[in-house]
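Q: This is the structure I have questions about; it appears just below.
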Amino acid sequence: MEGIWLISYIVLWVVVLALAFLVVLLYRQLGQQYLGTAAGVSRDGLAVGNKALDFTGYDQFGQQVTLRQWLDGKRYLMLVFGAPTCAPCRQLLPQATQFEQDHADKVRILWINRATDEESKNYVQETGSTLTTIANEGGIMERYKARVTPFVFLIGPDGMVKAKGLANNRTNLEAYLQQAETGQVPPPSQPIEVQVNQ
């Protein structure tokens with residue numbers, strides 16, 4: 001009789017461990033689904049209120065670009081992380097250019113491509129972009145923990161991150177500027193397409 005109790009006890013523990021393993025898998029799956037949503041992805045990256053991380057890169061003209069030199073103490077700096085293979089980025093690029101022109105007294109935009117320097121230069125030439133663009137060769141995107149594109153960090157004149165998140169259109173850019181100026185997060189205006197870069 002003791003043998004049956006021992007076997008049932010062992011079987012019970014095997015079942016409990018198997019169920020625990022399944023629960024962990026379920027939570028992992030739900031977490032991945034959440035992180036794939038606009039709300040989940042927008043939580044990525046350097047947190048609002050943190051100091052922006054300095055970096056060095058070279059623009060499409062071969063000029064050195066650093067975060068420090070782009071912070072002029074008067075305007076916001078919008079870092080837009082994009083990629084040549086990202087369709088939403090291609091749609092955002094002309095809107096971001098117009099946004100910068102319309103808000104020249106408030107905002108400067110620096111486009112950071114998840115690409116090599118050569119790929120980034122080809123992208124600029126192909127799209128005709130006039131935004132200052134640098135490649136991610138120094139791992140800027142990884143340092144800022146931006147895992148999707150197009151992703152925006154709006155940095156205040158004081159060098160602190162004021163707003164961040166996905167941006168597929170000018171409306172999103174306007175919302176981040178409004179958030180930085182008022183401190184209030186505006187409600188989402190429309191769905192945001194997520195482009196995960198591996």
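As shown in the structure tokens, the chain order sets the letters A, B, ...; within each chain, residues go from 1, and ligands are also counted from 1 in the order they appear.
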List as JSON lines every residue of stretch 27-143 of chain A that is in contact with stretch 161-174 of chain A, defined as an atom at most 6 Å from one of its atoms (using only C-alpha atoms), together with the nearest atom pair and the distance in Å rounded to one decimal, sorted by chain and then rising number.
A:
{"residue": "A:Ser42", "atom": "CA", "partner": "A:Gly165", "partner_atom": "CA", "distance": 4.4}
{"residue": "A:Val48", "atom": "CA", "partner": "A:Val161", "partner_atom": "CA", "distance": 4.9}
{"residue": "A:Gly49", "atom": "CA", "partner": "A:Val161", "partner_atom": "CA", "distance": 5.3}
{"residue": "A:Asn50", "atom": "CA", "partner": "A:Val161", "partner_atom": "CA", "distance": 5.6}
{"residue": "A:Ala52", "atom": "CA", "partner": "A:Val161", "partner_atom": "CA", "distance": 5.9}
{"residue": "A:Pro88", "atom": "CA", "partner": "A:Asn168", "partner_atom": "CA", "distance": 5.8}
{"residue": "A:Leu92", "atom": "CA", "partner": "A:Asn169", "partner_atom": "CA", "distance": 5.3}
{"residue": "A:Gln95", "atom": "CA", "partner": "A:Arg170", "partner_atom": "CA", "distance": 5.5}
Q: DSSP on the backbone, then: every residue of stretch 14-195 of chain A marked strand (DSSP E), written as number ranges by chain.
A: A: 56-58, 64-66, 76-82, 107-113, 132-135, 148-149, 151-155, 161-166, 195
Q: Using N, CA and C atoms, can you export the residues from the last selection as a short mmCIF file (atom, residue, chain, number, x, y, z; two decimals), in the first residue's frame?
A:
data_model
loop_
_atom_site.label_atom_id
_atom_site.label_comp_id
_atom_site.auth_asym_id
_atom_site.auth_seq_id
_atom_site.Cartn_x
_atom_site.Cartn_y
_atom_site.Cartn_z
N THR A 56 27.72 59.74 -30.80
CA THR A 56 28.43 60.36 -31.91
C THR A 56 28.13 59.56 -33.17
N GLY A 57 27.88 60.25 -34.25
CA GLY A 57 27.66 59.62 -35.54
C GLY A 57 28.09 60.56 -36.63
N TYR A 58 27.93 60.11 -37.87
CA TYR A 58 28.29 60.93 -39.01
C TYR A 58 27.09 61.03 -39.94
N GLN A 64 30.50 65.14 -38.42
CA GLN A 64 30.26 64.51 -37.12
C GLN A 64 29.05 65.13 -36.44
N VAL A 65 28.22 64.27 -35.87
CA VAL A 65 27.01 64.70 -35.18
C VAL A 65 27.04 64.11 -33.77
N THR A 66 26.85 64.97 -32.76
CA THR A 66 26.73 64.48 -31.39
C THR A 66 25.44 65.02 -30.80
N TYR A 76 13.46 71.77 -28.66
CA TYR A 76 13.41 70.33 -28.43
C TYR A 76 14.20 69.63 -29.53
N LEU A 77 14.74 68.49 -29.20
CA LEU A 77 15.41 67.65 -30.20
C LEU A 77 14.60 66.37 -30.30
N MET A 78 14.12 66.09 -31.50
CA MET A 78 13.36 64.87 -31.74
C MET A 78 14.26 63.86 -32.44
N LEU A 79 14.55 62.77 -31.73
CA LEU A 79 15.29 61.67 -32.34
C LEU A 79 14.27 60.72 -32.93
N VAL A 80 14.34 60.50 -34.23
CA VAL A 80 13.44 59.57 -34.89
C VAL A 80 14.27 58.37 -35.33
N PHE A 81 13.98 57.21 -34.73
CA PHE A 81 14.68 55.99 -35.11
C PHE A 81 13.90 55.32 -36.23
N GLY A 82 14.54 55.14 -37.37
CA GLY A 82 13.92 54.54 -38.54
C GLY A 82 14.80 53.46 -39.13
N VAL A 107 11.53 72.87 -32.60
CA VAL A 107 12.00 71.49 -32.71
C VAL A 107 13.05 71.33 -33.80
N ARG A 108 14.03 70.51 -33.50
CA ARG A 108 14.99 70.03 -34.50
C ARG A 108 14.82 68.51 -34.56
N ILE A 109 14.96 67.94 -35.75
CA ILE A 109 14.82 66.48 -35.90
C ILE A 109 16.13 65.89 -36.39
N LEU A 110 16.51 64.81 -35.73
CA LEU A 110 17.66 64.02 -36.14
C LEU A 110 17.15 62.61 -36.41
N TRP A 111 17.30 62.15 -37.64
CA TRP A 111 16.84 60.82 -38.06
C TRP A 111 17.99 59.84 -37.89
N ILE A 112 17.73 58.76 -37.18
CA ILE A 112 18.76 57.74 -36.94
C ILE A 112 18.30 56.43 -37.58
N ASN A 113 19.03 55.99 -38.59
CA ASN A 113 18.68 54.80 -39.36
C ASN A 113 19.31 53.54 -38.79
N THR A 132 18.69 65.81 -41.29
CA THR A 132 20.01 65.29 -40.95
C THR A 132 19.83 63.84 -40.52
N THR A 133 20.58 62.95 -41.15
CA THR A 133 20.42 61.51 -40.95
C THR A 133 21.76 60.88 -40.64
N ILE A 134 21.76 60.04 -39.60
CA ILE A 134 22.97 59.29 -39.27
C ILE A 134 22.61 57.81 -39.19
N ALA A 135 23.64 56.98 -39.33
CA ALA A 135 23.45 55.53 -39.24
C ALA A 135 23.56 55.10 -37.79
N VAL A 148 11.78 48.96 -32.07
CA VAL A 148 10.92 49.04 -33.25
C VAL A 148 11.11 50.39 -33.94
N THR A 149 10.68 50.46 -35.17
CA THR A 149 10.72 51.72 -35.92
C THR A 149 9.36 51.94 -36.56
N PHE A 151 10.34 55.03 -34.13
CA PHE A 151 10.23 55.31 -32.70
C PHE A 151 10.84 56.67 -32.43
N VAL A 152 10.19 57.46 -31.59
CA VAL A 152 10.60 58.84 -31.34
C VAL A 152 10.95 59.04 -29.87
N PHE A 153 12.02 59.78 -29.65
CA PHE A 153 12.34 60.33 -28.33
C PHE A 153 12.38 61.83 -28.50
N LEU A 154 11.57 62.55 -27.71
CA LEU A 154 11.60 64.00 -27.74
C LEU A 154 12.38 64.47 -26.52
N ILE A 155 13.48 65.12 -26.79
CA ILE A 155 14.40 65.55 -25.73
C ILE A 155 14.26 67.06 -25.55
N VAL A 161 14.59 63.43 -21.44
CA VAL A 161 13.56 62.85 -22.31
C VAL A 161 12.21 63.33 -21.82
N LYS A 162 11.47 64.01 -22.69
CA LYS A 162 10.17 64.60 -22.34
C LYS A 162 8.99 63.76 -22.83
N ALA A 163 9.19 63.02 -23.93
CA ALA A 163 8.13 62.18 -24.50
C ALA A 163 8.80 61.13 -25.37
N LYS A 164 8.07 60.03 -25.60
CA LYS A 164 8.61 58.97 -26.44
C LYS A 164 7.50 58.06 -26.89
N GLY A 165 7.78 57.31 -27.95
CA GLY A 165 6.82 56.32 -28.42
C GLY A 165 6.86 56.14 -29.92
N LEU A 166 5.95 55.31 -30.39
CA LEU A 166 5.83 55.05 -31.82
C LEU A 166 5.27 56.28 -32.52
N GLN A 195 6.47 48.03 -36.50
CA GLN A 195 7.46 47.40 -37.37
C GLN A 195 8.59 46.95 -36.46
#
Q: DSSP on the backbone, then: every residue of chain A marked alpha helix (DSSP H), written as an MDAnalysis selection string.
A: chainID A and resid 2:35 38:42 67:70 87:102 117:127 140:144 170:182
Q: Could you please determine the separation between atom CA of A:Gln101 and atom CA of A:Gln60 in Å, to one decimal place?
A: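 Computing it gives 19.1 Å between the two atoms.
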Q: Would you mind telling me which residue in A:Arg68, A:Gln184, A:Ala83, A:Trp5 lies nearest to A:Asn122 when using only C-alpha atoms?
A: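 The shortest atom-to-atom distance to A:Asn122 comes from A:Ala83.
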Q: When distances are computed from only C-alpha atoms, which of A:Thr130, A:Asp59, A:Val16, A:Ala96 shows the smallest separation from A:Thr116?
A: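 Nearest to A:Thr116: A:Asp59.
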Q: Please measure the separation of atom CA of A:Thr127 and atom CA of A:Cys89, giving the value in Å to one decimal.
A: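 Atom CA of A:Cys89 lies 10.9 Å from atom CA of A:Thr127.
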Q: What gap, in Å, lies between atom CA of A:Gly73 and atom CA of A:Asp158?
A: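 These atoms are spaced 6.3 Å apart.
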Q: Out of A:Arg114, A:Gln63, A:Ala18, A:Ser8, which residue has the shortest atom-to-atom distance to A:Glu142 when counting only C-alpha atoms?
A: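 Of A:Arg114, A:Gln63, A:Ala18, A:Ser8, the one nearest A:Glu142 is A:Arg114, counting only C-alpha atoms.
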Q: Out of A:Leu131, A:Leu53, A:Tyr144, A:Trp70, which residue has the shortest atom-to-atom distance to A:Phe99 when counting only C-alpha atoms?
A: A:Leu131
